[in-house]
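Okay, so here's the structure we're looking at.
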Amino acid sequence: MIALVDCNSFYASCEQVFRPDLINKPVVVLSNNDGCIIAANKQAKALADIPMFQPVFKIKKLLDDNNVSYFSSNYTLYSDMSRRVMDTLMMFSPRVEEYSIDESFVDLSSMHNANYDTIAHTIKNTVEKNTGIPVGVGIAKTKSLSKLANKYAKKIAANNNVYVVDTEQKRQYLLKNLKVKDIWGIGKKHAIRLQDKNVNTALDFANMPVAWVRKEMTVIGERLWRELNNVPCLELETVTNAKKGIGTAKSFGFKLTEFSLIEEACSFYVAEVADLLRQQQSLASQIEISLETNQHSAIDKQYRNKIILNLDTPTDSTIKLTKVALKGLQQIFKPGYRYKKVGVNLVHLVHKNEVQTNLFYNPHKSESDAITKLMDNLNGKYGKNKIKLATVGNRSKEWALIKEHRSPRFTTQWGELLTIGG
Amino acid sequence: MIELDKHLIKKPENNHRVQRPTQTGFSSPATHYSEPRIDLNEVLVSNSSSTFFIRVIDNSFKENNVLSNDVLIVDKSLSPKIGQLVVATVDDSFKIIKIDSASNTELNIWGVITYIIKPVL
Ligand SMILES: [Mg+2]
């Protein structure tokens, strides 16, 4: 059996763990740059007037009038809380697939003849007690069914955030009570086509002739169909594959015209992605730099461009990557525009141990590698970005994302601990 | 306020770490006896995924020997026994409460205090 454990309103829940005054109150979390609402808890969603994905400045009054608390996204906190949830799940099984920041599949196959209702409730109660994060648990024989069971667990209040598919009767009941569009992996287009054919519930879909499914929805649809019919086809992915590309593209806090400021931001992001690159033991063969104005602005002149640059040899050195990135940035920068965003993308990644040596590749560690390693050591010790290249500068206030309402990084920064007093 | 800051438990700023030099002469007779230095995390944090640190900012809990600038180590996974200190949420805020036989069973316990770190300099 497989359990799908999904955190309830994860970002809002993370904030509420440290704010007892916000228990059972509406909470929303804003996107990078405090642009719009990206997450809302149940209480906030119940206020039907609060539109998701709306620019915040337009609805600030609405939020205040309804006593909705809003937070800038605090991804440092969310990622640590996510790790705490995952670590707690590892108590139940050594095989846990981290599907997203707030969802995990847990392999329960080592528990024979178990009472799965008890297991589901124990998982739910343990995660909630140990981390403060409420979760829903769906248990079934296949990943697709456990995903649906989780959905149903949360949909009906009487389920108490738990649903277990351990009998044929319960499987039928579950599928009958969910729509085709609820099925994990069925796109909008297929959902509409199925509804046109009078296939409305998940059960209708599971009862279609397999030949039809294969013909109309390829092997992917067939696999889903089998999974809903209790035949496991999707393996748990417990080893995370190294990413093929690592990138970041963030908006500036302000529109920028000055090259030197964009240069600082670009250097900062290069250092950030290079750090991730080293963490996964990869080297980049190419770097892509992009620059753009605000495409939604009616008053600004528009410009966007990108450039792909080759590195002499695959590298993970922040120094080498920064040098090439800034050369590229210079080539695509045109004065006279108000820029909104710079993007840095490391592509054609290779694992450190499988670098193809070319004629000019010098396998000996270069000076820049040693400096990068030293910087990593110091930053590990003193905190992120304490040691940086001069090109990063120190004017981040003039370009960095606005996060006016960010909560403290309670669990990762000694200087931002939760406080208690009378 | 300056006093308060002086006693704050902070991460040291001037603690340089240099790469250990490689020994070039005779190999050390201690080679097979060296052990990792004591790490307080291993001693004081038995369940890291459920352990949180909380800084005390005034003396409102002094009857329980908890004073301003103390840092509490709190384990949410534990259930408190009589005589133990807990962090609980009362009227929308965090409080430190000693569990006794008369303690309300409805108490909203956030976590059990396992250690109190006290600055004494
Ligand atoms: Mg969720």
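Chain identifiers are assigned as A, B, and so on, following the order in which chains appear in the structure tokens; residues are numbered from 1 within each chain, and ligands are numbered from 1 in order of appearance.
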**Q.** Residue hits in chain A, query chain B, radius 9 Å, only C-alpha atoms, as a VMD selection string
**A.** chain A and resid 17 19 to 23 81 83 to 88 126 to 127 129 to 132 374 377 to 378 381 to 382 410 to 411 414 to 415 417 to 422
Nearby polymer residues, ligand 1, at most 6 Å, only C-alpha atoms and all ligand atoms, as a CSV table (one decimal) with N, CA, C and O atoms, in the first residue's frame:
```csv
chain,number,residue,atom,x,y,z
A,6,ASP,N,-0.4,14.9,2.3
A,6,ASP,CA,-0.4,16.3,1.7
A,6,ASP,C,-0.6,17.3,2.8
A,6,ASP,O,-1.6,17.2,3.5
A,7,CYS,N,0.2,18.3,2.9
A,7,CYS,CA,0.1,19.3,3.9
A,7,CYS,C,-1.1,20.2,3.6
A,7,CYS,O,-1.3,20.6,2.4
A,8,ASN,N,-1.9,20.6,4.6
A,8,ASN,CA,-3.0,21.5,4.4
A,8,ASN,C,-2.5,22.9,4.3
A,8,ASN,O,-1.8,23.4,5.2
A,9,SER,N,-2.9,23.6,3.2
A,9,SER,CA,-2.5,25.0,3.0
A,9,SER,C,-1.1,25.3,3.6
A,9,SER,O,-0.9,26.0,4.5
A,10,PHE,N,-0.2,24.6,2.9
A,10,PHE,CA,1.2,24.5,3.6
A,10,PHE,C,1.8,25.8,4.0
A,10,PHE,O,2.3,25.9,5.1
A,102,ASP,N,5.1,20.1,-0.5
A,102,ASP,CA,4.1,19.8,0.6
A,102,ASP,C,3.4,18.4,0.4
A,102,ASP,O,2.4,18.2,1.0
```
Q.
Just want the 12 Å neighbourhood of Ala271 of chain A, counted on only C-alpha atoms, with same-chain residues fewer than 5 positions away dropped. Output as a PyMOL selection string.
A. chain A and resi 246-248+264-266+276-278+316-323+325+344-346+372+375-376+379+384-392
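Separating atom CA of Leu283 of chain A from atom CA of Val347 of chain A is a distance of 9.1 Å.
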Q.
Restricting the calculation to only C-alpha atoms: of A:Asp65, A:Glu168, A:Asp275, A:Glu97, which residue gets closest to Leu234 of chain A?
A. A:Glu97
Q: Quick one: everything within 6 Å of Ile113 of chain B, counting only C-alpha atoms, minus sequence neighbours fewer than 2 positions away in the same chain. Send it as a ChimeraX atom specification.
A: /B:73-74,85-86,115
